[in-house]
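Peer 1: For reference, the structure I am asking about is given below.
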Amino acid sequence: MISIFDSDINELTAYVAKNATKVYAYDESKALPVSEHSELILTKDSAYELGGSDMPCAAATVITGNLPIENKIVLIGKELKEIKNDCNYAKIVILSVKDTAEDEQAIFDLAKSLEYAKYKENVQGFMMRTSVIKQREQVRVSKTAIKRGLSFEALGATTIKSYLAKDVVEAVTVIFVADARIDFMPLQQFSSHTSQILSAFNHILDNVFVDCAHCNLKEICDKVEGMRELHFSLSKPRYLANNFGRD
C-alpha cells in the first residue's frame, strides 16, 4: 500500500521534466550542521523571503515503495545567491522507503513521522515559517547566510543526509523551485492533493463508516487506487460489531 502517492509523483515528475532544471548529484560532504530549533532571523537581517510577500509557495514530503528514486537535488529557477527579492518557492521531498510496514496504520504513521522530521532539520540562516491552515511554508534567508555561500545544493544534501540516516529510507530526491518563471499551480496542487490523501487515509483508519456520497473526501478515495477498498475493509467490521455484535 506504499503507493498512495505514486500517481501524484508521476505527474510531478512529468511536470518537472517540462522545465529547465539544474541537477546536483548528492554529495554528503556538502551537508550542513542542523539544529532541532529554528534560528530567529529578524527582518533587518533578512536578505529576502522565499514565498514571502504573498508569493506562491508549496511544500510536501511523500513516500513510495515502488518508484525508482535517486539521491539528487533538482533545482528549477535560481540559486540562493542569485535571488534579490521575495519570490515564489517550493520544496518537495520524495522518499523511497523499504516496504516494511505491516499494516495501513503503520504506513500512515511512517508517512507522518517522515513528514514531521523536517522540523528538526534547521540550518543556520534559513528560518522556516509554516502555516498548516494555509498550506504555506515560507523561508526567511539571512544576509549572513548568503555571504557564507548557502545554496540549495547544500540544503538538499542536508535533507538527503538526514533522511538516509533513518533505516527505512533508501533514497531521497529533493526538488526546489525558486524565483522561477513557470506555472506554479501544479506544485500547489501536488502539495494540496497529497495532504488530502493523508487526511483521507487518517479518516479511514479512524474506522468511520459513512455514506460515501456525502463524504467530503469521496473524490480522493475515488482517485487513489485501493483507498475505497481499504475504507470498507476497515470500516465494515467496526460497523457490524457496533450494531449487531452486542446482546
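Residue numbering restarts at 1 in every chain; chains get A, B, ... in the order shown in the C-alpha cells, and ligands count up from 1 in that same order.
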Env of region 107-121 of chain A: 9 Å cut, atoms = only C-alpha atoms, seq-sep filter 4 positions within chain, self excluded. Answer as JSON, numbers by chain.

Peer 2: {"A": [1, 2, 33, 34, 35, 36, 37, 38, 60, 61, 62, 63, 95, 100, 101, 102, 103, 128, 158, 159, 162, 163, 198, 201, 202, 205]}

Peer 1: Save out the residues we just selected, N, CA and C atoms, as a PDB file, in the first residue's frame.

Peer 2:
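Once written, out_30.pdb looks like this:
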```
ATOM      1  N   MET A   1       0.832  -1.220   0.000  1.00  0.00           N
ATOM      2  CA  MET A   1       0.000   0.000   0.000  1.00  0.00           C
ATOM      3  C   MET A   1       0.861   1.262   0.000  1.00  0.00           C
ATOM      4  N   ILE A   2       2.203   1.087  -0.021  1.00  0.00           N
ATOM      5  CA  ILE A   2       3.030   2.286  -0.063  1.00  0.00           C
ATOM      6  C   ILE A   2       3.106   2.765  -1.515  1.00  0.00           C
ATOM      7  N   PRO A  33      25.498  21.428   9.196  1.00  0.00           N
ATOM      8  CA  PRO A  33      25.050  21.090  10.552  1.00  0.00           C
ATOM      9  C   PRO A  33      23.596  21.496  10.733  1.00  0.00           C
ATOM     10  N   VAL A  34      22.853  20.715  11.521  1.00  0.00           N
ATOM     11  CA  VAL A  34      21.445  21.019  11.758  1.00  0.00           C
ATOM     12  C   VAL A  34      21.164  21.132  13.249  1.00  0.00           C
ATOM     13  N   SER A  35      20.062  21.815  13.554  1.00  0.00           N
ATOM     14  CA  SER A  35      19.634  22.003  14.938  1.00  0.00           C
ATOM     15  C   SER A  35      18.157  21.655  15.037  1.00  0.00           C
ATOM     16  N   GLU A  36      17.716  21.231  16.227  1.00  0.00           N
ATOM     17  CA  GLU A  36      16.301  20.924  16.421  1.00  0.00           C
ATOM     18  C   GLU A  36      15.472  22.193  16.507  1.00  0.00           C
ATOM     19  N   HIS A  37      16.112  23.316  16.742  1.00  0.00           N
ATOM     20  CA  HIS A  37      15.391  24.577  16.904  1.00  0.00           C
ATOM     21  C   HIS A  37      15.778  25.564  15.811  1.00  0.00           C
ATOM     22  N   SER A  38      14.768  26.230  15.275  1.00  0.00           N
ATOM     23  CA  SER A  38      14.997  27.178  14.198  1.00  0.00           C
ATOM     24  C   SER A  38      15.611  28.467  14.729  1.00  0.00           C
ATOM     25  N   ALA A  60       5.870  19.677   0.333  1.00  0.00           N
ATOM     26  CA  ALA A  60       5.320  18.341   0.549  1.00  0.00           C
ATOM     27  C   ALA A  60       6.454  17.357   0.763  1.00  0.00           C
ATOM     28  N   THR A  61       6.163  16.343   1.571  1.00  0.00           N
ATOM     29  CA  THR A  61       7.074  15.220   1.756  1.00  0.00           C
ATOM     30  C   THR A  61       6.268  13.954   1.529  1.00  0.00           C
ATOM     31  N   VAL A  62       6.638  13.163   0.527  1.00  0.00           N
ATOM     32  CA  VAL A  62       5.855  11.985   0.175  1.00  0.00           C
ATOM     33  C   VAL A  62       6.757  10.755   0.097  1.00  0.00           C
ATOM     34  N   ILE A  63       6.127   9.586   0.223  1.00  0.00           N
ATOM     35  CA  ILE A  63       6.877   8.335   0.222  1.00  0.00           C
ATOM     36  C   ILE A  63       6.386   7.410  -0.889  1.00  0.00           C
ATOM     37  N   LEU A  95      10.641  10.357  -0.992  1.00  0.00           N
ATOM     38  CA  LEU A  95      11.412   9.348  -0.271  1.00  0.00           C
ATOM     39  C   LEU A  95      11.083   7.952  -0.761  1.00  0.00           C
ATOM     40  N   THR A 100       8.425  -2.175   4.645  1.00  0.00           N
ATOM     41  CA  THR A 100       8.454  -2.913   5.910  1.00  0.00           C
ATOM     42  C   THR A 100       7.200  -2.716   6.734  1.00  0.00           C
ATOM     43  N   ALA A 101       6.335  -1.788   6.321  1.00  0.00           N
ATOM     44  CA  ALA A 101       5.121  -1.526   7.101  1.00  0.00           C
ATOM     45  C   ALA A 101       4.214  -2.754   7.069  1.00  0.00           C
ATOM     46  N   GLU A 102       3.726  -3.164   8.249  1.00  0.00           N
ATOM     47  CA  GLU A 102       2.930  -4.386   8.342  1.00  0.00           C
ATOM     48  C   GLU A 102       1.455  -4.148   8.084  1.00  0.00           C
ATOM     49  N   ASP A 103       0.970  -2.951   8.309  1.00  0.00           N
ATOM     50  CA  ASP A 103      -0.443  -2.679   8.082  1.00  0.00           C
ATOM     51  C   ASP A 103      -0.630  -1.213   7.710  1.00  0.00           C
ATOM     52  N   MET A 128      12.505  28.610   8.650  1.00  0.00           N
ATOM     53  CA  MET A 128      11.269  28.156   8.042  1.00  0.00           C
ATOM     54  C   MET A 128      10.072  28.655   8.845  1.00  0.00           C
ATOM     55  N   THR A 158      21.787  18.342   2.846  1.00  0.00           N
ATOM     56  CA  THR A 158      21.458  18.234   4.266  1.00  0.00           C
ATOM     57  C   THR A 158      20.191  17.423   4.464  1.00  0.00           C
ATOM     58  N   THR A 159      19.181  17.693   3.649  1.00  0.00           N
ATOM     59  CA  THR A 159      17.920  16.947   3.724  1.00  0.00           C
ATOM     60  C   THR A 159      18.141  15.475   3.413  1.00  0.00           C
ATOM     61  N   SER A 162      19.991  13.674   6.254  1.00  0.00           N
ATOM     62  CA  SER A 162      19.126  13.493   7.429  1.00  0.00           C
ATOM     63  C   SER A 162      18.191  12.312   7.250  1.00  0.00           C
ATOM     64  N   TYR A 163      17.617  12.176   6.054  1.00  0.00           N
ATOM     65  CA  TYR A 163      16.670  11.088   5.829  1.00  0.00           C
ATOM     66  C   TYR A 163      17.370   9.747   5.644  1.00  0.00           C
ATOM     67  N   LEU A 198      -3.443  12.039   2.764  1.00  0.00           N
ATOM     68  CA  LEU A 198      -3.155  11.664   4.150  1.00  0.00           C
ATOM     69  C   LEU A 198      -4.371  11.893   5.045  1.00  0.00           C
ATOM     70  N   PHE A 201      -6.684   9.062   4.366  1.00  0.00           N
ATOM     71  CA  PHE A 201      -6.110   7.863   4.971  1.00  0.00           C
ATOM     72  C   PHE A 201      -6.380   7.844   6.472  1.00  0.00           C
ATOM     73  N   ASN A 202      -6.166   8.968   7.120  1.00  0.00           N
ATOM     74  CA  ASN A 202      -6.418   9.085   8.551  1.00  0.00           C
ATOM     75  C   ASN A 202      -7.894   8.865   8.858  1.00  0.00           C
ATOM     76  N   LEU A 205      -8.653   5.180   8.717  1.00  0.00           N
ATOM     77  CA  LEU A 205      -8.073   4.442   9.846  1.00  0.00           C
ATOM     78  C   LEU A 205      -8.808   4.705  11.147  1.00  0.00           C
TER      79      LEU A 205
END
```

Peer 1: If you run DSSP on this backbone, which residues of region 106-207 of chain A come out as strand (DSSP E), and could you give them as a ChimeraX atom specification?

Peer 2: /A:126-131,136-142,169-178

Peer 1: Would you mind listing what lies within 8 Å of region 50-52 of chain A as JSON, numbers by chain, with only C-alpha atoms counted and same-chain residues fewer than 2 positions away left out?

Peer 2: {"A": [48, 54, 55, 56, 57, 86, 87, 88, 89, 90, 137, 138, 139, 140, 141, 178]}

Peer 1: My list of candidates is A:Phe176, A:Phe126, A:Tyr15, A:Tyr24. Which is closest to Glu153 (chain A) when distances are computed with only C-alpha atoms?

Peer 2: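 Smallest distance to Glu153 (chain A) is found for A:Tyr24.
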
Peer 1: Go through A:Ala180, A:Ile92, A:Ile197, A:Ala47 and flag the residue nearest Ala20 (chain A), using only C-alpha atoms for the distances.

Peer 2: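 So, comparing all the options, the nearest one is A:Ala180.
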
Peer 1: I want to know what sits within 8 Å of Ala31 (chain A), based on only C-alpha atoms, with residues of the same chain fewer than 3 positions away left out; could you give that as a VMD selection string?

Peer 2: chain A and resid 27 to 28 154 to 159 161

Peer 1: Suppose we keep all heavy atoms; can you now write the selection as a compact mmCIF listing (two decimals), in the first residue's frame?

Peer 2:
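The resulting result.txt:
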```
# COMPACT_ATOMS: atom_id res chain seq x y z
N ASP A 27 26.13 14.79 -2.60
CA ASP A 27 27.47 14.77 -2.05
C ASP A 27 27.34 15.00 -0.55
O ASP A 27 27.05 16.10 -0.10
CB ASP A 27 28.32 15.88 -2.69
CG ASP A 27 29.76 15.88 -2.19
OD1 ASP A 27 30.06 15.17 -1.21
OD2 ASP A 27 30.58 16.62 -2.77
N GLU A 28 27.55 13.95 0.21
CA GLU A 28 27.37 14.03 1.66
C GLU A 28 28.23 15.11 2.29
O GLU A 28 27.84 15.74 3.29
CB GLU A 28 27.68 12.68 2.30
CG GLU A 28 27.43 12.65 3.81
CD GLU A 28 27.74 11.29 4.42
OE1 GLU A 28 27.88 10.30 3.67
OE2 GLU A 28 27.84 11.23 5.67
N ALA A 154 23.55 22.67 -1.00
CA ALA A 154 23.91 22.29 0.38
C ALA A 154 22.66 21.95 1.20
O ALA A 154 22.66 21.00 1.98
CB ALA A 154 24.67 23.43 1.04
N LEU A 155 21.58 22.71 1.01
CA LEU A 155 20.34 22.44 1.73
C LEU A 155 19.77 21.08 1.33
O LEU A 155 19.31 20.31 2.18
CB LEU A 155 19.32 23.54 1.46
CG LEU A 155 19.64 24.91 2.06
CD1 LEU A 155 18.74 25.98 1.46
CD2 LEU A 155 19.49 24.88 3.59
N GLY A 156 19.83 20.79 0.03
CA GLY A 156 19.34 19.50 -0.43
C GLY A 156 20.18 18.35 0.11
O GLY A 156 19.64 17.31 0.52
N ALA A 157 21.49 18.53 0.11
CA ALA A 157 22.38 17.50 0.65
C ALA A 157 22.10 17.26 2.13
O ALA A 157 22.15 16.12 2.61
CB ALA A 157 23.84 17.90 0.45
N THR A 158 21.79 18.34 2.85
CA THR A 158 21.46 18.23 4.27
C THR A 158 20.19 17.42 4.46
O THR A 158 20.12 16.55 5.34
CB THR A 158 21.28 19.64 4.87
OG1 THR A 158 22.46 20.41 4.63
CG2 THR A 158 21.03 19.56 6.37
N THR A 159 19.18 17.69 3.65
CA THR A 159 17.92 16.95 3.72
C THR A 159 18.14 15.48 3.41
O THR A 159 17.66 14.59 4.14
CB THR A 159 16.89 17.53 2.73
OG1 THR A 159 16.57 18.86 3.11
CG2 THR A 159 15.62 16.70 2.70
N LYS A 161 20.92 13.67 3.60
CA LYS A 161 21.71 13.02 4.66
C LYS A 161 20.83 12.72 5.88
O LYS A 161 20.93 11.63 6.47
CB LYS A 161 22.89 13.90 5.07
CG LYS A 161 23.75 13.27 6.16
CD LYS A 161 24.92 14.18 6.54
CE LYS A 161 25.77 13.55 7.65
NZ LYS A 161 26.91 14.41 8.03
```

Peer 1: With distances taken over only C-alpha atoms, which of A:Val168, A:Leu67, A:Ala59, A:Ile83 is nearest to Lys98 (chain A)?

Peer 2: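 Going through A:Val168, A:Leu67, A:Ala59, A:Ile83 one by one, the smallest distance to Lys98 (chain A) is for A:Val168.
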
Peer 1: A:Ala106, A:Ala145, A:Val172, A:Val93: which is nearest Met127 (chain A), counting only C-alpha atoms?

Peer 2: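 The closest residue to Met127 (chain A) is A:Ala145.
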
Peer 1: Ranking A:Thr21, A:Gly65, A:Lys166, A:Glu104 by minimum distance to His203 (chain A) and counting only C-alpha atoms, which one comes first?

Peer 2: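 The closest residue to His203 (chain A) is A:Glu104.
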
Peer 1: Which polymer residues have any atom within 12 Å of an atom of Gln189 (chain A), counting only C-alpha atoms, with same-chain residues fewer than 2 positions away left out, as a VMD selection string?

Peer 2: chain A and resid 8 to 9 11 to 12 15 56 to 60 90 135 183 to 187 191 to 196

Peer 1: Print the selection's residues with N, CA, C and O atoms to a file, as a compact mmCIF listing (two decimals), in the first residue's frame.

Peer 2:
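Output file result28.txt is given in full below:
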```txt
# COMPACT_ATOMS: atom_id res chain seq x y z
N ASP A 8 0.54 10.84 -8.06
CA ASP A 8 0.92 12.25 -7.92
C ASP A 8 2.40 12.44 -8.24
O ASP A 8 2.78 13.42 -8.88
N ILE A 9 3.23 11.51 -7.77
CA ILE A 9 4.68 11.62 -8.03
C ILE A 9 4.96 11.53 -9.52
O ILE A 9 5.79 12.28 -10.06
N GLU A 11 2.97 12.40 -11.97
CA GLU A 11 2.53 13.65 -12.59
C GLU A 11 3.54 14.76 -12.30
O GLU A 11 3.85 15.58 -13.18
N LEU A 12 4.06 14.79 -11.08
CA LEU A 12 5.05 15.81 -10.73
C LEU A 12 6.33 15.61 -11.54
O LEU A 12 6.91 16.60 -12.03
N TYR A 15 5.85 16.96 -14.93
CA TYR A 15 5.83 18.43 -14.89
C TYR A 15 7.25 18.99 -14.78
O TYR A 15 7.62 19.93 -15.50
N PRO A 56 3.50 32.76 -4.37
CA PRO A 56 3.08 31.36 -4.24
C PRO A 56 4.19 30.49 -3.66
O PRO A 56 5.37 30.69 -3.94
N CYS A 57 3.80 29.54 -2.83
CA CYS A 57 4.76 28.59 -2.29
C CYS A 57 4.07 27.26 -2.05
O CYS A 57 2.84 27.19 -1.96
N ALA A 58 4.84 26.21 -1.98
CA ALA A 58 4.30 24.87 -1.80
C ALA A 58 5.34 23.99 -1.14
O ALA A 58 6.55 24.20 -1.32
N ALA A 59 4.88 23.01 -0.38
CA ALA A 59 5.80 22.08 0.28
C ALA A 59 5.11 20.74 0.46
O ALA A 59 3.90 20.68 0.70
N ALA A 60 5.87 19.68 0.33
CA ALA A 60 5.32 18.34 0.55
C ALA A 60 6.45 17.36 0.76
O ALA A 60 7.55 17.52 0.23
N ALA A 90 9.15 26.49 -3.64
CA ALA A 90 8.62 25.17 -3.34
C ALA A 90 9.75 24.24 -2.93
O ALA A 90 10.87 24.35 -3.44
N GLN A 135 -1.50 26.02 4.22
CA GLN A 135 -0.61 25.12 3.48
C GLN A 135 0.53 25.90 2.84
O GLN A 135 0.89 25.69 1.67
N ASP A 183 4.58 27.97 -14.46
CA ASP A 183 3.23 27.81 -13.92
C ASP A 183 3.35 27.12 -12.57
O ASP A 183 3.71 25.94 -12.49
N PHE A 184 3.05 27.84 -11.49
CA PHE A 184 3.25 27.32 -10.15
C PHE A 184 2.07 26.46 -9.67
O PHE A 184 2.18 25.73 -8.69
N MET A 185 0.94 26.56 -10.35
CA MET A 185 -0.26 25.87 -9.90
C MET A 185 -0.08 24.37 -9.71
O MET A 185 -0.55 23.80 -8.71
N PRO A 186 0.59 23.65 -10.65
CA PRO A 186 0.76 22.21 -10.45
C PRO A 186 1.50 21.85 -9.15
O PRO A 186 1.21 20.83 -8.53
N LEU A 187 2.43 22.70 -8.72
CA LEU A 187 3.14 22.46 -7.47
C LEU A 187 2.21 22.62 -6.27
O LEU A 187 2.24 21.82 -5.32
N SER A 191 0.98 19.66 -3.60
CA SER A 191 1.04 19.81 -2.15
C SER A 191 -0.33 19.61 -1.52
O SER A 191 -0.48 18.89 -0.52
N SER A 192 -1.35 20.21 -2.11
CA SER A 192 -2.70 20.12 -1.56
C SER A 192 -3.25 18.71 -1.68
O SER A 192 -3.82 18.16 -0.72
N HIS A 193 -3.06 18.09 -2.83
CA HIS A 193 -3.65 16.76 -3.06
C HIS A 193 -3.00 15.70 -2.19
O HIS A 193 -3.69 14.82 -1.64
N THR A 194 -1.68 15.74 -2.05
CA THR A 194 -1.01 14.74 -1.22
C THR A 194 -1.39 14.92 0.25
O THR A 194 -1.48 13.94 1.00
N SER A 195 -1.63 16.16 0.66
CA SER A 195 -2.10 16.41 2.02
C SER A 195 -3.50 15.84 2.21
O SER A 195 -3.83 15.25 3.26
N GLN A 196 -4.35 15.98 1.20
CA GLN A 196 -5.71 15.44 1.26
C GLN A 196 -5.70 13.92 1.31
O GLN A 196 -6.54 13.30 1.97
```

Peer 1: Could you give me, as a list in words, the residues within 10 Å of Pro68 (chain A), counting only C-alpha atoms and dropping anything in the same chain fewer than 4 positions from it?

Peer 2: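 Counting only C-alpha atoms, the residues come to Thr64, Leu95, Ser96 and Ala171 of chain A.
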
Peer 1: Would you put the residues from that selection into a file with N, CA and C atoms, as a PDB file, in the first residue's frame?

Peer 2:
```pdb
ATOM      1  N   THR A  64       7.270   6.523  -1.322  1.00  0.00           N
ATOM      2  CA  THR A  64       6.904   5.492  -2.284  1.00  0.00           C
ATOM      3  C   THR A  64       7.725   4.240  -2.012  1.00  0.00           C
ATOM      4  N   LEU A  95      10.641  10.357  -0.992  1.00  0.00           N
ATOM      5  CA  LEU A  95      11.412   9.348  -0.271  1.00  0.00           C
ATOM      6  C   LEU A  95      11.083   7.952  -0.761  1.00  0.00           C
ATOM      7  N   SER A  96      12.111   7.218  -1.129  1.00  0.00           N
ATOM      8  CA  SER A  96      11.945   5.793  -1.405  1.00  0.00           C
ATOM      9  C   SER A  96      12.163   5.049  -0.100  1.00  0.00           C
ATOM     10  N   ALA A 171      16.378   6.084  -0.526  1.00  0.00           N
ATOM     11  CA  ALA A 171      16.848   7.131  -1.439  1.00  0.00           C
ATOM     12  C   ALA A 171      15.962   8.360  -1.297  1.00  0.00           C
TER      13      ALA A 171
END
```

Peer 1: Quote the spacing between CA of Gly77 (chain A) and CA of Leu150 (chain A) in Å to one decimal place.

Peer 2: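 Spanning CA of Gly77 (chain A) to CA of Leu150 (chain A) is a straight-line distance of 15.8 Å.
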
Peer 1: What parts of region 140-193 of chain A does DSSP call helix (DSSP H, G or I)? I'd like the answer as a tab-separated table (two decimals) with N, CA, C and O atoms, in the first residue's frame.

Peer 2:
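Everything below was put into out17.tsv:
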```
chain	number	residue	atom	x	y	z
A	143	LYS	N	21.06	37.56	5.45
A	143	LYS	CA	22.12	38.13	4.61
A	143	LYS	C	23.45	37.43	4.87
A	143	LYS	O	24.23	37.18	3.95
A	144	THR	N	23.69	37.12	6.14
A	144	THR	CA	24.94	36.45	6.50
A	144	THR	C	25.07	35.09	5.84
A	144	THR	O	26.14	34.70	5.37
A	145	ALA	N	23.96	34.36	5.80
A	145	ALA	CA	23.99	33.03	5.19
A	145	ALA	C	24.31	33.12	3.70
A	145	ALA	O	25.06	32.29	3.16
A	146	ILE	N	23.75	34.11	3.04
A	146	ILE	CA	24.03	34.29	1.61
A	146	ILE	C	25.52	34.60	1.41
A	146	ILE	O	26.17	34.06	0.51
A	147	LYS	N	26.08	35.45	2.26
A	147	LYS	CA	27.50	35.78	2.17
A	147	LYS	C	28.38	34.56	2.43
A	147	LYS	O	29.46	34.44	1.86
A	148	ARG	N	27.91	33.67	3.28
A	148	ARG	CA	28.67	32.45	3.58
A	148	ARG	C	28.59	31.44	2.44
A	148	ARG	O	29.30	30.44	2.45
A	152	PHE	N	21.08	25.94	-2.45
A	152	PHE	CA	20.11	24.85	-2.49
A	152	PHE	C	20.82	23.51	-2.57
A	152	PHE	O	20.32	22.50	-2.07
A	153	GLU	N	21.98	23.48	-3.19
A	153	GLU	CA	22.75	22.24	-3.25
A	153	GLU	C	23.07	21.75	-1.84
A	153	GLU	O	22.89	20.57	-1.52
A	154	ALA	N	23.55	22.67	-1.00
A	154	ALA	CA	23.91	22.29	0.38
A	154	ALA	C	22.66	21.95	1.20
A	154	ALA	O	22.66	21.00	1.98
A	155	LEU	N	21.58	22.71	1.01
A	155	LEU	CA	20.34	22.44	1.73
A	155	LEU	C	19.77	21.08	1.33
A	155	LEU	O	19.31	20.31	2.18
A	156	GLY	N	19.83	20.79	0.03
A	156	GLY	CA	19.34	19.50	-0.43
A	156	GLY	C	20.18	18.35	0.11
A	156	GLY	O	19.64	17.31	0.52
A	157	ALA	N	21.49	18.53	0.11
A	157	ALA	CA	22.38	17.50	0.65
A	157	ALA	C	22.10	17.26	2.13
A	157	ALA	O	22.15	16.12	2.61
A	158	THR	N	21.79	18.34	2.85
A	158	THR	CA	21.46	18.23	4.27
A	158	THR	C	20.19	17.42	4.46
A	158	THR	O	20.12	16.55	5.34
A	159	THR	N	19.18	17.69	3.65
A	159	THR	CA	17.92	16.95	3.72
A	159	THR	C	18.14	15.48	3.41
A	159	THR	O	17.66	14.59	4.14
A	160	ILE	N	18.89	15.19	2.36
A	160	ILE	CA	19.14	13.80	1.97
A	160	ILE	C	19.89	13.05	3.07
A	160	ILE	O	19.52	11.93	3.44
A	161	LYS	N	20.92	13.67	3.60
A	161	LYS	CA	21.71	13.02	4.66
A	161	LYS	C	20.83	12.72	5.88
A	161	LYS	O	20.93	11.63	6.47
A	162	SER	N	19.99	13.67	6.25
A	162	SER	CA	19.13	13.49	7.43
A	162	SER	C	18.19	12.31	7.25
A	162	SER	O	17.99	11.51	8.17
A	163	TYR	N	17.62	12.18	6.05
A	163	TYR	CA	16.67	11.09	5.83
A	163	TYR	C	17.37	9.75	5.64
A	163	TYR	O	16.86	8.71	6.09
A	164	LEU	N	18.53	9.75	5.00
A	164	LEU	CA	19.24	8.48	4.81
A	164	LEU	C	19.73	7.89	6.13
A	164	LEU	O	20.02	6.69	6.20
A	185	MET	N	0.94	26.56	-10.35
A	185	MET	CA	-0.26	25.87	-9.90
A	185	MET	C	-0.08	24.37	-9.71
A	185	MET	O	-0.55	23.80	-8.71
A	186	PRO	N	0.59	23.65	-10.65
A	186	PRO	CA	0.76	22.21	-10.45
A	186	PRO	C	1.50	21.85	-9.15
A	186	PRO	O	1.21	20.83	-8.53
A	187	LEU	N	2.43	22.70	-8.72
A	187	LEU	CA	3.14	22.46	-7.47
A	187	LEU	C	2.21	22.62	-6.27
A	187	LEU	O	2.24	21.82	-5.32
A	188	GLN	N	1.37	23.64	-6.30
A	188	GLN	CA	0.42	23.86	-5.23
A	188	GLN	C	-0.62	22.75	-5.20
A	188	GLN	O	-1.04	22.30	-4.12
A	189	GLN	N	-1.03	22.29	-6.37
A	189	GLN	CA	-1.99	21.20	-6.43
A	189	GLN	C	-1.38	19.91	-5.90
A	189	GLN	O	-2.07	19.13	-5.22
A	190	PHE	N	-0.12	19.67	-6.20
A	190	PHE	CA	0.57	18.48	-5.68
A	190	PHE	C	0.59	18.52	-4.16
A	190	PHE	O	0.26	17.54	-3.49
A	191	SER	N	0.98	19.66	-3.60
A	191	SER	CA	1.04	19.81	-2.15
A	191	SER	C	-0.33	19.61	-1.52
A	191	SER	O	-0.48	18.89	-0.52
A	192	SER	N	-1.35	20.21	-2.11
A	192	SER	CA	-2.70	20.12	-1.56
A	192	SER	C	-3.25	18.71	-1.68
A	192	SER	O	-3.82	18.16	-0.72
A	193	HIS	N	-3.06	18.09	-2.83
A	193	HIS	CA	-3.65	16.76	-3.06
A	193	HIS	C	-3.00	15.70	-2.19
A	193	HIS	O	-3.69	14.82	-1.64
```

Peer 1: What's the separation between CA of Leu80 (chain A) and CA of Arg181 (chain A), in Å to one decimal place?

Peer 2: 15.5 Å

Peer 1: Between A:Ser142, A:Val74, A:Gly149, A:Phe5, which one has atoms that come closest to Thr173 (chain A), using only C-alpha atoms?

Peer 2: A:Val74
